[in-house]
$ cat final.txt   # compact mmCIF, C-alpha atoms and all ligand atoms
# COMPACT_ATOMS: atom_id res chain seq x y z
CA MET A 1 116.42 106.70 111.89
CA ILE A 2 114.12 103.84 112.88
CA GLU A 3 113.96 102.69 109.20
CA ASP A 4 117.65 101.80 109.27
CA GLN A 5 116.97 99.11 111.87
CA LEU A 6 113.96 97.56 110.14
CA THR A 7 114.27 94.19 108.50
CA GLU A 8 111.93 92.69 105.88
CA ASP A 9 110.62 90.30 108.56
CA ASP A 10 109.41 93.27 110.59
CA VAL A 11 107.28 94.86 107.90
CA LEU A 12 106.64 92.55 104.91
CA LEU A 13 104.48 89.46 104.51
CA PRO A 14 106.75 86.42 104.30
CA THR A 15 106.37 85.61 100.60
CA TYR A 16 110.07 85.96 99.74
CA GLY A 17 113.18 84.49 101.29
CA PRO A 18 115.88 86.60 102.93
CA ARG A 19 117.42 89.21 100.62
CA PRO A 20 121.19 88.71 100.58
CA VAL A 21 122.09 92.25 99.43
CA THR A 22 120.44 95.66 99.54
CA PHE A 23 121.09 97.83 96.50
CA THR A 24 121.00 101.59 96.52
CA SER A 25 121.72 102.57 92.92
CA GLY A 26 122.46 101.26 89.48
CA ALA A 27 124.00 102.42 86.21
CA GLY A 28 123.99 100.37 83.03
CA SER A 29 124.88 96.76 83.80
CA TRP A 30 126.09 97.57 87.32
CA LEU A 31 124.41 97.79 90.73
CA THR A 32 125.84 99.39 93.87
CA ALA A 33 125.10 97.93 97.31
CA THR A 34 124.79 99.72 100.67
CA ASP A 35 128.44 98.89 101.49
CA GLY A 36 129.58 100.45 98.20
CA GLY A 37 130.24 97.08 96.50
CA ARG A 38 129.60 96.99 92.74
CA TYR A 39 127.76 94.03 91.23
CA LEU A 40 127.52 93.02 87.57
CA ASP A 41 123.80 92.55 86.94
CA PHE A 42 123.13 89.58 84.64
CA LEU A 43 119.57 89.16 85.84
CA CYS A 44 118.04 92.65 85.33
CA GLY A 45 115.50 92.22 88.10
CA LEU A 46 113.86 89.23 86.51
CA ALA A 47 114.66 90.00 82.86
CA VAL A 48 113.19 93.49 83.22
CA THR A 49 115.76 96.31 82.96
CA GLY A 50 116.67 95.54 79.37
CA LEU A 51 118.36 98.90 78.81
CA GLY A 52 120.28 98.64 82.08
CA HIS A 53 119.82 100.74 85.18
CA ALA A 54 119.10 104.46 85.07
CA HIS A 55 119.18 104.64 81.28
CA PRO A 56 119.36 108.40 80.56
CA VAL A 57 116.76 108.39 77.75
CA VAL A 58 114.22 106.53 79.89
CA THR A 59 114.99 108.64 82.96
CA GLN A 60 114.50 111.83 80.95
CA ALA A 61 111.24 110.60 79.40
CA VAL A 62 109.86 109.67 82.83
CA ALA A 63 110.94 112.97 84.39
CA ASP A 64 109.47 115.01 81.52
CA GLN A 65 106.17 113.16 81.58
CA ALA A 66 105.91 113.20 85.39
CA ALA A 67 106.40 116.95 85.32
CA ARG A 68 103.70 117.34 82.67
CA LEU A 69 100.88 114.87 83.44
CA THR A 70 100.90 111.73 85.63
CA HIS A 71 97.37 110.36 85.62
CA THR A 72 93.99 110.87 84.05
CA SER A 73 92.37 107.37 84.33
CA ASN A 74 91.22 105.70 81.15
CA LEU A 75 88.14 107.89 80.99
CA PHE A 76 90.31 110.43 79.17
CA GLY A 77 92.98 110.24 76.50
CA THR A 78 96.70 110.93 76.65
CA ARG A 79 99.28 110.94 73.86
CA PRO A 80 101.86 108.45 75.28
CA VAL A 81 99.40 105.53 75.36
CA LEU A 82 98.38 106.10 71.73
CA GLU A 83 102.00 106.35 70.65
CA LEU A 84 102.85 103.16 72.52
CA ALA A 85 99.95 101.16 71.08
CA ASP A 86 100.96 102.30 67.60
CA ARG A 87 104.63 101.41 68.20
CA LEU A 88 103.68 97.97 69.46
CA ARG A 89 101.62 97.13 66.44
CA ARG A 90 104.36 98.40 64.11
CA THR A 91 106.98 96.24 65.82
CA LEU A 92 104.57 93.29 65.75
CA GLY A 93 103.84 93.96 62.08
CA TRP A 94 100.11 93.96 62.86
CA ASP A 95 98.31 96.83 61.10
CA ASP A 96 95.05 95.70 62.67
CA GLY A 97 96.58 95.20 66.13
CA ARG A 98 94.72 96.61 69.15
CA ALA A 99 96.25 96.96 72.62
CA PHE A 100 95.04 96.91 76.21
CA PHE A 101 97.40 98.16 78.90
CA CYS A 102 97.64 97.01 82.51
CA ASN A 103 100.29 96.88 85.23
CA SER A 104 102.06 93.51 85.24
CA GLY A 105 102.62 90.24 83.44
CA ALA A 106 99.96 88.40 85.41
CA GLU A 107 97.46 91.15 84.65
CA ALA A 108 98.30 90.88 80.96
CA ASN A 109 97.55 87.16 81.08
CA GLU A 110 94.29 87.82 82.95
CA ALA A 111 93.25 90.32 80.29
CA ALA A 112 94.10 87.86 77.51
CA LEU A 113 92.13 85.17 79.33
CA LYS A 114 89.02 87.32 79.42
CA LEU A 115 89.55 88.19 75.76
CA ALA A 116 89.90 84.49 74.85
CA ARG A 117 86.72 83.63 76.76
CA ARG A 118 84.82 86.38 75.00
CA HIS A 119 86.13 85.08 71.68
CA GLY A 120 84.96 81.58 72.54
CA LYS A 121 81.61 82.57 73.94
CA HIS A 122 80.72 84.58 70.86
CA ALA A 123 80.60 81.16 69.13
CA ASP A 124 79.38 78.88 71.95
CA PRO A 125 78.79 79.43 75.70
CA GLN A 126 80.76 76.22 76.43
CA LYS A 127 83.83 77.35 74.46
CA VAL A 128 85.83 78.53 77.49
CA HIS A 129 88.56 75.89 77.89
CA VAL A 130 92.26 76.62 77.57
CA VAL A 131 95.10 74.26 76.75
CA ALA A 132 98.40 75.29 78.35
CA LEU A 133 101.78 73.61 78.81
CA ASP A 134 103.52 71.86 81.68
CA LYS A 135 106.22 74.12 83.14
CA GLY A 136 104.61 77.20 81.56
CA PHE A 137 104.55 80.25 83.84
CA HIS A 138 101.94 82.95 83.45
CA GLY A 139 101.74 84.70 86.83
CA ARG A 140 100.29 84.44 90.33
CA LEU A 141 96.80 85.93 90.04
CA MET A 142 94.08 83.29 90.14
CA GLY A 143 93.49 82.89 86.39
CA ALA A 144 97.16 83.23 85.47
CA LEU A 145 98.00 80.77 88.25
CA LYS A 146 95.59 78.23 86.79
CA LEU A 147 97.34 78.65 83.41
CA THR A 148 100.73 78.11 85.06
CA GLY A 149 101.83 74.50 84.55
CA ASN A 150 103.12 73.88 88.06
CA PRO A 151 100.73 71.88 90.29
CA ALA A 152 102.74 72.68 93.44
CA LYS A 153 101.89 76.36 93.00
CA HIS A 154 98.19 75.50 92.55
CA ALA A 155 97.81 73.26 95.58
CA PRO A 156 97.56 75.87 98.37
CA PHE A 157 94.92 77.81 96.44
CA GLU A 158 92.65 75.08 95.05
CA PRO A 159 90.00 75.01 93.81
CA LEU A 160 91.06 76.98 90.76
CA GLY A 161 88.47 75.50 88.41
CA THR A 162 88.61 72.91 85.66
CA TRP A 163 88.79 75.18 82.64
CA ALA A 164 92.50 74.67 81.84
CA THR A 165 94.26 71.47 80.74
CA HIS A 166 98.03 71.09 80.74
CA VAL A 167 99.96 68.94 78.30
CA PRO A 168 103.68 68.14 78.04
CA ALA A 169 105.60 71.02 76.46
CA ASP A 170 107.51 68.73 74.09
CA ASP A 171 104.61 66.75 72.63
CA PRO A 172 102.92 68.12 69.48
CA ASP A 173 100.47 65.18 69.42
CA ALA A 174 99.32 65.92 72.97
CA ILE A 175 98.44 69.47 71.96
CA ALA A 176 96.53 68.26 68.91
CA ALA A 177 94.65 65.75 71.06
CA ALA A 178 93.78 68.22 73.84
CA VAL A 179 92.32 70.97 71.66
CA ASP A 180 88.67 70.59 70.64
CA ASP A 181 85.71 72.77 69.80
CA ARG A 182 85.32 73.80 73.45
CA THR A 183 88.83 75.27 73.44
CA CYS A 184 88.94 79.06 73.25
CA ALA A 185 92.74 79.36 73.40
CA VAL A 186 96.09 77.62 73.49
CA TRP A 187 98.59 79.32 75.80
CA LEU A 188 102.38 79.12 75.57
CA GLU A 189 105.75 80.89 75.82
CA VAL A 190 108.14 80.37 72.88
CA VAL A 191 110.92 79.98 75.44
CA GLN A 192 109.62 78.87 78.82
CA GLY A 193 111.36 81.36 81.11
CA GLU A 194 110.51 80.46 84.69
CA GLY A 195 110.17 76.83 83.59
CA GLY A 196 113.96 76.75 83.15
CA VAL A 197 114.69 78.75 79.94
CA ARG A 198 113.43 75.98 77.65
CA PRO A 199 112.77 76.85 73.99
CA LEU A 200 109.73 75.06 72.54
CA SER A 201 110.32 73.07 69.37
CA GLU A 202 109.03 74.27 66.01
CA GLU A 203 106.90 71.10 65.90
CA VAL A 204 105.12 72.02 69.13
CA LEU A 205 104.57 75.60 67.97
CA ALA A 206 103.24 74.44 64.61
CA ALA A 207 100.93 71.91 66.30
CA ALA A 208 99.54 74.65 68.55
CA ARG A 209 98.92 76.96 65.59
CA ALA A 210 97.27 74.19 63.55
CA ALA A 211 95.05 73.09 66.44
CA CYS A 212 93.90 76.68 66.97
CA ASP A 213 93.14 77.09 63.26
CA ASP A 214 91.21 73.80 63.17
CA HIS A 215 89.05 74.67 66.19
CA ASP A 216 88.63 78.45 65.98
CA ALA A 217 90.75 78.95 69.10
CA LEU A 218 93.19 81.80 69.74
CA LEU A 219 96.91 81.18 69.97
CA VAL A 220 98.06 83.32 72.91
CA VAL A 221 101.81 83.71 73.21
CA ASP A 222 102.96 84.95 76.59
CA GLU A 223 105.87 87.23 75.71
CA VAL A 224 106.14 88.72 79.19
CA GLN A 225 109.71 87.45 79.50
CA THR A 226 110.69 86.87 75.87
CA GLY A 227 109.30 90.06 74.32
CA VAL A 228 110.77 93.54 73.71
CA GLY A 229 114.04 92.38 72.22
CA ARG A 230 115.20 89.83 74.78
CA LEU A 231 115.55 87.01 72.24
CA GLY A 232 117.13 89.24 69.58
CA GLU A 233 113.91 90.04 67.71
CA TRP A 234 111.19 92.39 68.91
CA TYR A 235 109.10 89.42 70.05
CA GLY A 236 110.01 85.79 70.63
CA TRP A 237 107.49 84.47 68.12
CA GLN A 238 109.36 86.39 65.41
CA THR A 239 112.27 83.98 65.96
CA THR A 240 109.92 81.10 65.01
CA THR A 241 107.71 80.19 62.06
CA VAL A 242 104.46 80.64 63.98
CA GLU A 243 102.35 83.79 64.40
CA PRO A 244 100.04 84.20 67.40
CA ASP A 245 96.65 85.95 67.62
CA VAL A 246 97.42 87.61 70.95
CA VAL A 247 100.67 88.50 72.73
CA CYS A 248 101.10 89.32 76.41
CA LEU A 249 103.89 91.76 77.34
CA ALA A 250 105.30 93.24 80.54
CA LYS A 251 108.78 92.92 82.08
CA GLY A 252 111.15 94.70 79.64
CA LEU A 253 108.59 97.05 78.18
CA ALA A 254 109.15 100.06 80.48
CA ASN A 255 112.63 99.14 81.78
CA GLY A 256 111.43 98.56 85.34
CA LEU A 257 108.33 100.68 85.67
CA PRO A 258 105.20 98.56 86.20
CA ILE A 259 103.45 97.94 82.91
CA GLY A 260 101.64 95.10 81.18
CA ALA A 261 100.00 94.91 77.79
CA ILE A 262 98.19 92.62 75.45
CA VAL A 263 98.02 93.15 71.72
CA ALA A 264 95.43 91.25 69.66
CA ARG A 265 95.06 91.03 65.89
CA GLY A 266 92.40 89.87 63.45
CA VAL A 267 89.32 88.26 64.96
CA ALA A 268 90.91 88.43 68.44
CA ALA A 269 91.01 92.22 68.21
CA LYS A 270 87.22 92.22 67.90
CA ALA A 271 86.42 89.99 70.90
CA PHE A 272 86.14 92.66 73.63
CA GLN A 273 83.17 94.98 73.75
CA LEU A 274 82.58 98.19 75.68
CA GLY A 275 82.82 97.54 79.43
CA ASP A 276 84.38 94.05 79.13
CA HIS A 277 87.61 95.00 80.89
CA ALA A 278 89.10 97.99 82.70
CA THR A 279 91.89 99.19 84.99
CA THR A 280 92.53 102.37 86.97
CA PHE A 281 96.27 102.70 86.38
CA GLY A 282 96.90 100.71 83.18
CA GLY A 283 98.19 102.74 80.25
CA GLY A 284 99.18 105.70 82.43
CA PRO A 285 101.20 108.41 80.69
CA VAL A 286 104.40 108.02 82.74
CA VAL A 287 104.85 104.27 82.19
CA CYS A 288 103.85 104.64 78.55
CA ALA A 289 106.39 107.45 78.06
CA ALA A 290 109.02 105.13 79.56
CA ALA A 291 107.99 102.32 77.20
CA ASN A 292 108.11 104.64 74.19
CA ALA A 293 111.66 105.60 75.20
CA VAL A 294 112.58 101.91 75.54
CA LEU A 295 111.26 101.01 72.09
CA ASP A 296 112.89 104.10 70.53
CA THR A 297 116.24 103.22 72.07
CA ILE A 298 116.15 99.56 71.03
CA GLU A 299 115.55 100.75 67.47
CA SER A 300 117.96 103.69 67.37
CA ASP A 301 120.80 101.79 69.07
CA GLY A 302 120.40 98.67 66.92
CA LEU A 303 119.90 96.54 70.03
CA LEU A 304 118.16 93.61 68.34
CA ALA A 305 121.26 92.74 66.31
CA HIS A 306 123.44 93.54 69.34
CA THR A 307 121.37 91.16 71.48
CA ARG A 308 121.86 88.38 68.95
CA ALA A 309 125.63 89.02 68.87
CA MET A 310 125.99 89.21 72.65
CA GLY A 311 123.75 86.16 73.02
CA SER A 312 126.07 84.17 70.77
CA ARG A 313 129.11 85.38 72.69
CA LEU A 314 127.52 84.39 75.99
CA ALA A 315 126.44 81.00 74.63
CA ALA A 316 129.95 80.30 73.30
CA GLY A 317 131.46 81.24 76.67
CA LEU A 318 129.05 78.93 78.49
CA GLU A 319 129.87 76.07 76.12
CA ALA A 320 133.57 76.67 76.81
CA LEU A 321 132.85 76.55 80.54
CA ALA A 322 130.99 73.26 80.02
CA ALA A 323 134.03 71.85 78.21
CA ASP A 324 136.22 72.70 81.22
CA SER A 325 133.98 71.84 84.17
CA PRO A 326 132.21 68.56 84.90
CA LEU A 327 129.58 70.55 86.84
CA VAL A 328 128.44 72.43 83.72
CA THR A 329 126.71 70.47 80.98
CA GLY A 330 125.99 73.28 78.52
CA GLN A 331 123.53 76.06 77.88
CA ARG A 332 120.15 76.66 76.33
CA GLY A 333 118.05 79.68 75.39
CA ARG A 334 118.04 82.33 72.72
CA GLY A 335 119.35 85.88 72.43
CA LEU A 336 120.06 87.20 75.91
CA LEU A 337 117.81 84.79 77.79
CA ARG A 338 120.10 81.87 78.62
CA ALA A 339 120.42 79.08 81.14
CA MET A 340 123.71 77.51 82.11
CA THR A 341 122.79 73.86 82.66
CA LEU A 342 124.40 71.79 85.41
CA SER A 343 125.04 68.12 86.01
CA GLY A 344 123.05 68.14 89.28
CA ASP A 345 120.96 70.34 91.54
CA PHE A 346 123.70 72.87 92.20
CA ALA A 347 122.11 75.99 90.74
CA PRO A 348 121.30 77.66 94.08
CA ALA A 349 124.88 77.06 95.23
CA VAL A 350 126.29 78.45 91.98
CA ALA A 351 124.03 81.53 92.14
CA ASP A 352 125.10 82.14 95.77
CA ALA A 353 128.75 81.75 94.82
CA ALA A 354 128.29 84.10 91.85
CA LEU A 355 126.85 86.72 94.20
CA ARG A 356 129.94 86.40 96.37
CA HIS A 357 131.88 87.21 93.17
CA HIS A 358 129.56 90.21 92.70
CA LEU A 359 127.70 88.71 89.76
CA VAL A 360 123.88 88.69 89.92
CA VAL A 361 122.22 85.64 88.34
CA ASN A 362 119.55 83.26 89.63
CA ALA A 363 118.69 79.60 89.98
CA VAL A 364 115.80 79.27 87.55
CA ALA A 365 115.67 75.50 88.16
CA PRO A 366 117.57 73.28 90.59
CA ASP A 367 119.98 72.42 87.77
CA ALA A 368 119.95 75.64 85.72
CA VAL A 369 121.28 79.16 86.33
CA ARG A 370 119.54 81.95 84.39
CA LEU A 371 121.43 84.77 82.70
CA ALA A 372 119.44 87.74 81.39
CA PRO A 373 121.79 90.73 81.09
CA PRO A 374 120.78 94.10 79.62
CA LEU A 375 120.32 94.13 75.84
CA ASN A 376 123.04 96.80 75.63
CA VAL A 377 125.57 94.77 77.62
CA THR A 378 129.10 95.22 76.26
CA PRO A 379 131.39 92.42 75.03
CA ASP A 380 133.73 93.16 77.95
CA GLU A 381 130.88 92.79 80.41
CA VAL A 382 129.89 89.45 78.89
CA ASP A 383 133.49 88.25 79.25
CA GLU A 384 133.68 89.58 82.81
CA ALA A 385 130.44 87.78 83.74
CA LEU A 386 131.77 84.55 82.25
CA SER A 387 134.98 84.80 84.26
CA ARG A 388 133.02 85.45 87.49
CA LEU A 389 130.73 82.54 86.66
CA ARG A 390 133.75 80.33 86.07
CA ALA A 391 135.05 81.29 89.52
CA ALA A 392 131.65 80.58 91.07
CA VAL A 393 131.46 77.15 89.47
CA ALA A 394 135.01 76.41 90.69
CA ASP A 395 134.01 77.39 94.24
CA VAL A 396 131.09 74.99 94.17
CA ALA A 397 133.16 72.24 92.56
CA SER A 398 135.80 72.40 95.30
CA PRO A 399 134.70 70.56 98.47
CA THR A 400 135.27 73.62 100.65
CA GLY A 401 133.60 76.01 98.24
CA ALA A 402 129.99 74.87 98.41
CA SER A 403 127.54 77.39 99.74
CA PRO A 404 126.03 76.53 103.13
CA THR A 405 122.62 77.64 101.82
CA GLY A 406 122.49 75.54 98.66
CA ALA A 407 123.20 72.08 97.37
CA SER A 408 126.81 71.10 96.79
CA PRO A 409 127.99 68.44 94.37
CA THR A 410 129.02 66.33 97.34
CA GLY A 411 126.48 67.35 99.96
CA ALA A 412 122.81 66.61 100.37
CA ALA A 413 121.43 70.08 101.12
CA PRO A 414 118.07 70.61 99.40
CA ALA A 415 118.07 72.69 96.21
CA GLU A 416 115.78 75.71 96.45
CA THR A 417 115.14 77.82 93.37
CA ASP A 418 113.73 81.30 93.59
CA GLY A 419 110.23 79.99 94.04
CA ARG A 420 108.61 81.71 91.07
C1 LIG B 1 106.13 84.40 80.90
C2 LIG B 1 105.64 85.12 82.12
N1 LIG B 1 104.34 85.44 82.21
C3 LIG B 1 103.85 86.10 83.27
C4 LIG B 1 104.65 86.45 84.32
C5 LIG B 1 104.08 87.19 85.50
O1 LIG B 1 104.50 88.52 85.47
P1 LIG B 1 104.35 89.42 86.77
O2 LIG B 1 105.30 88.88 87.78
O3 LIG B 1 104.70 90.81 86.28
O4 LIG B 1 102.93 89.33 87.21
C6 LIG B 1 106.03 86.14 84.27
C7 LIG B 1 106.91 86.49 85.39
O5 LIG B 1 107.95 85.95 85.58
C8 LIG B 1 106.52 85.45 83.15
O6 LIG B 1 107.82 85.13 83.03
$ encode --input "final.txt" --output "structure tokens" --more "lines below"
Ligand SMILES: Cc1ncc(COP(=O)(O)O)c(C=O)c1O
Amino acid sequence: MIEDQLTEDDVLLPTYGPRPVTFTSGAGSWLTATDGGRYLDFLCGLAVTGLGHAHPVVTQAVADQAARLTHTSNLFGTRPVLELADRLRRTLGWDDGRAFFCNSGAEANEAALKLARRHGKHADPQKVHVVALDKGFHGRLMGALKLTGNPAKHAPFEPLGTWATHVPADDPDAIAAAVDDRTCAVWLEVVQGEGGVRPLSEEVLAAARAACDDHDALLVVDEVQTGVGRLGEWYGWQTTTVEPDVVCLAKGLANGLPIGAIVARGVAAKAFQLGDHATTFGGGPVVCAAANAVLDTIESDGLLAHTRAMGSRLAAGLEALAADSPLVTGQRGRGLLRAMTLSGDFAPAVADAALRHHLVVNAVAPDAVRLAPPLNVTPDEVDEALSRLRAAVADVASPTGASPTGASPTGAAPAETDGR
């Protein structure tokens, strides 16, 4: 078969680095590679497969729906999308919540951006500015990219416009100062995922909410990574004291099938009018059936409380590792979205070493390794991951153990993260 000889370089645009392993199947927290090796998956794609691989309830829901009806466009109705919208607003606690479905996290942010502009422009044609945070990540499409607080990712694609301002993510006063009557929205993640798994402080969240209230702007919380149980509540904002007007969802919602969503409440739910936004595939019955199965399972299996318990176990294990290894300084995060923090830019080397120990994690920052296991991970799997991580850290700490592809504590190799 010619396909067996093909490499990514032969057929794909060069947007990703070399893939170190090719996987052929998965079950629960485990992946199987082409050589039969089994890997403990503490990354879940990129915090996506929250119920683990090939979850039987999701698989059955997808198979049943695919056999019944796959696509109608949004010109016609289907039951799964209505059920999903209703489930989302119940889990959000928003009786007046209204959803729009799309296909990815970036698309969800783009939809929320158009909604925020419409909200602003109903009041004033100039009210189109957005205040977002340094190190925030909102996707790679042009609007979402502009919202993303990483100038290096902007540079190759400038000009992206002047409608978004970024302020430091730890400075409540900077938010208050940046928001004015031309602001239609403030944009943030309650835990900055791609920015290094950094929880925002309550002060920053409260300042964002107050600034929005003072200037009739929408508070948009990007829950693409933090939503659907990952932090141990349905949505990340529910672990804080602040309530948004709009949430963006994607990643964990359909356990790996492509889906994105926004849900708006109150005045935000009234901003779009007929024809303001549309998508061919968004809200399709198969992905919505998968998402309904995901939300059902999180509820029926008590996975929010389980996520909190497993998150605490993981955090305690990481703290113990920090006590034993000078390379590890501690951990941060919430629920089952955690970063193991390091004393230098060794994260790529640690992630490479972990992979050699058949543990999948990633370098979310030069000095931080991200762990995002399935919400239904078992205590034994958490302990197993911690022991593999300990071995990986020991490999990097020993002079002969450093990965040739990443930075070592003694060497000067450049630290590359996954380039999100
Ligand atoms: C918070 C957040 N928003 C948006 C995105 C973009 O999602 P997607 O890659 O599905 O476009 C991501 C992806 O990592 C994310 O973490």
$ closest_residue --input "final.txt" --among "A:Gly260, A:Thr226, A:Arg68, A:Ala309" --to "Ala99 in chain A" --atoms "all atoms listed in the file"
A:Gly260
$ residues_near_point --input "final.txt" --point "(114.3, 103.8, 71.5)" --cutoff "12 Å" --atoms "all atoms listed in the file" --output "compact mmCIF listing (two decimals) with C-alpha atoms, in the frame of the given file"
# COMPACT_ATOMS: atom_id res chain seq x y z
CA GLY A 50 116.67 95.54 79.37
CA LEU A 51 118.36 98.90 78.81
CA HIS A 55 119.18 104.64 81.28
CA PRO A 56 119.36 108.40 80.56
CA VAL A 57 116.76 108.39 77.75
CA VAL A 58 114.22 106.53 79.89
CA ALA A 61 111.24 110.60 79.40
CA LEU A 84 102.85 103.16 72.52
CA ARG A 87 104.63 101.41 68.20
CA THR A 91 106.98 96.24 65.82
CA VAL A 228 110.77 93.54 73.71
CA GLY A 229 114.04 92.38 72.22
CA LEU A 253 108.59 97.05 78.18
CA ALA A 254 109.15 100.06 80.48
CA ASN A 255 112.63 99.14 81.78
CA ALA A 289 106.39 107.45 78.06
CA ALA A 290 109.02 105.13 79.56
CA ALA A 291 107.99 102.32 77.20
CA ASN A 292 108.11 104.64 74.19
CA ALA A 293 111.66 105.60 75.20
CA VAL A 294 112.58 101.91 75.54
CA LEU A 295 111.26 101.01 72.09
CA ASP A 296 112.89 104.10 70.53
CA THR A 297 116.24 103.22 72.07
CA ILE A 298 116.15 99.56 71.03
CA GLU A 299 115.55 100.75 67.47
CA SER A 300 117.96 103.69 67.37
CA ASP A 301 120.80 101.79 69.07
CA GLY A 302 120.40 98.67 66.92
CA LEU A 303 119.90 96.54 70.03
CA LEU A 304 118.16 93.61 68.34
CA ASN A 376 123.04 96.80 75.63
$ closest_residue --input "final.txt" --among "A:Ala271, A:Leu389, A:Thr24, A:His119" --to "Ser325 in chain A" --atoms "only C-alpha atoms"
A:Leu389
$ residues_around --input "final.txt" --residues "Phe281 in chain A" --least-positions-apart "2" --cutoff "12 Å" --atoms "all atoms listed in the file" --output "PyMOL selection string"
chain A and resi 70-75+81+100-104+107+258-260+278-279+283-288
$ closest_atom_pairs --input "final.txt" --of "chain A" --to "ligand LIG 1 (chain B)" --cutoff "6 Å" --atoms "only C-alpha atoms and all ligand atoms" --output "Markdown table"
| residue | atom | partner | partner_atom | distance |
| --- | --- | --- | --- | --- |
| A:Ser104 | CA | B:LIG1 | O3 | 3.9 |
| A:Gly105 | CA | B:LIG1 | O1 | 3.3 |
| A:Ala106 | CA | B:LIG1 | O4 | 3.6 |
| A:Phe137 | CA | B:LIG1 | C2 | 5.3 |
| A:His138 | CA | B:LIG1 | N1 | 3.7 |
| A:Gly139 | CA | B:LIG1 | C5 | 3.7 |
| A:Gly193 | CA | B:LIG1 | O6 | 5.5 |
| A:Glu194 | CA | B:LIG1 | O6 | 5.6 |
| A:Asp222 | CA | B:LIG1 | C1 | 5.4 |
| A:Glu223 | CA | B:LIG1 | C1 | 5.9 |
| A:Val224 | CA | B:LIG1 | C1 | 4.6 |
| A:Gln225 | CA | B:LIG1 | O6 | 4.6 |
$ closest_residue --input "final.txt" --among "A:Ala210, A:Leu219, A:Ala132, A:Ala178" --to "His166 in chain A" --atoms "only C-alpha atoms"
A:Ala132
$ residues_around --input "final.txt" --residues "Gly227 in chain A" --least-positions-apart "4" --cutoff "9 Å" --atoms "only C-alpha atoms" --output "list in words"
Asp222, Glu223, Leu231, Glu233, Trp234, Tyr235, Gly236, Trp237, Val247, Cys248, Leu249, Ala250, Lys251, Gly252 and Leu253 of chain A
$ residues_around --input "final.txt" --residues "Thr183 in chain A" --least-positions-apart "2" --cutoff "7 Å" --atoms "all atoms listed in the file" --output "ChimeraX atom specification"
/A:127-130,179-181,185,217
